[in-house]
Amino acid sequence: MRNNNLTILVLFFVSLFFAQEKQTDSVFKKRVLEKTEVDFLMSYYTQDGDHAAVTGGIGTEKLTDITPTFIIAVPLNDDDVLTADIGISAYTSASSSNIDPFDGNQPGSPWIESSGASAADVWVNGSFDYSHSSDDRNTVWGANLSVASEYDYFSVGFGGHFAKLFNQKNTEVSLKANVYIDTWNPQYPAEFRTGFIPSAGYTTNYTQFDNLGRNTYSLSASVSQILTKKLQASLFLDVVQQDGLLSAPHQRVYFADKTDYFIDNFHIADDVERLPDTRFKLPIGMRMNYFINEYLTFRSYYRLYTDNWGITAHTTEIELPIKITRSFAVIPTYRYYTQTAADYFSNYNAHLSTQKFYTSDYDLSKFNSNQYGVGLRYTDVFTKLKIFKLGLKSIDLKYSSYTRSDGLKASIISGGMKFILD
Amino acid sequence: MKLNKLKIGFLLAIIITFSLSSCVAVKEYEKVYVNDADMKLTANKINKFETSFQVYREAASGANGGKAGGGCGCN
């Protein structure tokens with residue numbers, strides 16, 4: 001069934017390359033990017049819930065995260081653009097702190113965050129993209145490189161992309177391939193570390209993971225089409241294969257058929273999460289935008305996702321940008337998401353020790369979520385406000401509230417300023 | 001993992017829609033509406049942080065014109 005669907009889609013994308021009418025655009029050549037653009041973005045995210053994966057499906061999920069980011073796009077000449085996206089994500093996590101719940105000043109408990117070293121971390125990311133456009137601007141190709149690092153994870157990624165425009169630039173077909181070579185520096189729960197003195201009679205299934213690498217191979221195809229003077233849409237298909245250590249080594253699991261042992265109020269784990277070492281993902285998405293009038297635009301997105309871990313998910317999102325004046329816009333948004341559970345998921349203390357794979361990570365459980373948001377945007381077409389040589393082009397601010405049917409609640413405030421270098 | 005008939009129908013409907021419309025050509029001087037900033041067929045840059053937390057908190061990812069996986073210890 002999967003092969004049939006893939007065959008249909010591949011034939012569709014290939015046919016677009018050969019079925020279009022001959023290009024008739026003029027030869028006028030405009031710079032792909034007129035001036036250097038600088039985006040400074042930042043977000044503040046908070047969440048809380050009662051199903052922390054680190055403590056086997058119970059316990060606090062309290063987390064805060066702040067993420068300053070720069071995106072700089074530099075025109076190298078008329079045809080070439082170099083883009084750098086550099087950011088950090090500094091977070092504090094109550095559940096991560098309970099990788100070792102006994103290194104704080106209070107009795108260990110999944111409901112109380114510890115004050116140990118794993119309570120906070122910083123994720124640093126840099127990605128760089130080079131793109132070249134042909135003289136007629138109907139062909140764009142490029143390459144990218146990315147590096148990301150945090151205390152227990154390191155990633156190097158690279159890839160290439162190619163896009164072709166047809167039909168008087170009414171149709172765009174693009175292909176993208178990426179590889180990520182990632183490595184875990186596993187931080188196992190405290191009870192599995194050398195020197196931990198267990199309760200009398202305590203036994204465990206735990207063994208360390210041999211393979212600490214995780215590779216991700218993704219192939220993406222998309223088609224964008226202008227359907228009418230006011231309507232356009234795009235279709236996205238990703239084929240993703242992952243292999244290696246797909247479990248999170250710090251996430252505990254408890255077995256129903258094993259005796260429970262506690263230190264303070266903390267349940268000592270029977271094992272860490274064990275998931276298959278391969279995963280095939282197939283997301284298909286569609287975006288459709290309609291220009292209603294000069295004040296209102298309708299933006300929509302839908303995604304169907306399926307993988308070989310038993311998860312099927314649907315995502316629907318609607319945005320309604322409302323231009324109040326030529327400079328100000330209000331953008332209400334709504335997003336609905338639903339997913340089935342992974343085959344390997346069970347609640348806290350519900351797995352059996354005879355199972356091969358198991359997780360109590362509620363991110364892999366059955367749930368649905370609702371996200372409401374509102375954004376504000378100020379645009380200055382003439383970049384009148386200057387900061388040194390940078391002219392302010394736009395300011396964006398957005399707040400979103402997210403609730404998940406398992407009780408997780410989150411909110412995020414995002415802000416961004418775009419500057420043009422004179 | 002198996003897609004049911006409804007999902008296949010959805011895919012075919014999309015493909016037919018795109019195939020038929022690929023014969024239509026809106027001229028450059030008629031693109032004032034589709035060239036509006038709000039008509040971009042990509043997510044706004046400011047949404048990148050929301051996409052990032054959704055990748056951690058949900059099992060699904062990809063098919064949004066951005067990264068489809070890798071680079072983080074997330075799902």
# chains A, B, ... in the order shown; residues from 1 in each chain; ligands from 1

call {"tool": "residues_around", "arguments": {"residues": "segment 95-98 of chain A", "least_positions_apart": "3", "cutoff": "8 Å", "atoms": "only C-alpha atoms", "output": "ChimeraX atom specification"}}
result
/A:52-55,59-63,101-102,110,113-120

call {"tool": "interface_residues", "arguments": {"of": "chain A", "to": "chain B", "cutoff": "6 Å", "atoms": "only C-alpha atoms", "output": "ChimeraX atom specification"}}
result
/A:155,180,216,227,230,236-238,283-285,289,306-308,363-364

call {"tool": "residues_around", "arguments": {"residues": "Thr171 of chain A", "least_positions_apart": "3", "cutoff": "8 Å", "atoms": "only C-alpha atoms", "output": "number ranges by chain"}}
result
A: 165-168, 223-226; B: 22

call {"tool": "write_last_selection", "arguments": {"atoms": "N, CA and C atoms", "output": "short mmCIF file (atom, residue, chain, number, x, y, z; two decimals), in the first residue's frame"}}
result
data_model
loop_
_atom_site.label_atom_id
_atom_site.label_comp_id
_atom_site.auth_asym_id
_atom_site.auth_seq_id
_atom_site.Cartn_x
_atom_site.Cartn_y
_atom_site.Cartn_z
N LEU A 165 11.27 26.31 -11.75
CA LEU A 165 10.00 27.01 -11.96
C LEU A 165 9.57 26.86 -13.42
N PHE A 166 8.28 26.61 -13.61
CA PHE A 166 7.73 26.41 -14.95
C PHE A 166 6.55 27.35 -15.16
N ASN A 167 6.02 27.25 -16.39
CA ASN A 167 4.67 27.78 -16.64
C ASN A 167 4.56 29.25 -16.23
N GLN A 168 5.53 30.06 -16.72
CA GLN A 168 5.58 31.49 -16.39
C GLN A 168 5.62 31.71 -14.89
N VAL A 223 5.62 20.76 -4.52
CA VAL A 223 5.11 21.43 -5.72
C VAL A 223 4.28 22.62 -5.26
N SER A 224 4.56 23.78 -5.81
CA SER A 224 3.76 24.97 -5.53
C SER A 224 3.08 25.39 -6.82
N GLN A 225 1.84 25.79 -6.72
CA GLN A 225 1.08 26.11 -7.92
C GLN A 225 0.18 27.33 -7.68
N ILE A 226 0.27 28.31 -8.58
CA ILE A 226 -0.71 29.39 -8.57
C ILE A 226 -1.96 28.85 -9.26
N SER B 22 -2.11 23.10 -13.53
CA SER B 22 -0.77 23.40 -14.05
C SER B 22 -0.82 23.92 -15.48
#

call {"tool": "closest_residue", "arguments": {"among": "A:Tyr301, A:Asp243, A:Thr312, A:Glu37", "to": "Arg279 of chain A", "atoms": "only C-alpha atoms"}}
result
A:Asp243

call {"tool": "atom_distance", "arguments": {"atom1": "atom CA of Thr194 of chain A", "atom2": "atom CA of Arg252 of chain A"}}
result
17.0 Å

call {"tool": "atom_distance", "arguments": {"atom1": "atom CA of Ser220 of chain A", "atom2": "atom CA of Lys176 of chain A"}}
result
4.9 Å

call {"tool": "residues_around", "arguments": {"residues": "segment 72-75 of chain A", "least_positions_apart": "3", "cutoff": "12 Å", "atoms": "only C-alpha atoms", "output": "VMD selection string"}}
result
chain A and resid 31 to 41 69 78 to 87 126 to 133 417 to 421

call {"tool": "atom_distance", "arguments": {"atom1": "atom CA of Arg326 of chain A", "atom2": "atom CA of Ser401 of chain A"}}
result
27.8 Å

call {"tool": "residues_around", "arguments": {"residues": "Tyr188 of chain A", "least_positions_apart": "4", "cutoff": "8 Å", "atoms": "only C-alpha atoms", "output": "NGL selection string"}}
result
:A and (99 or 192-193 or 249-250 or 272)
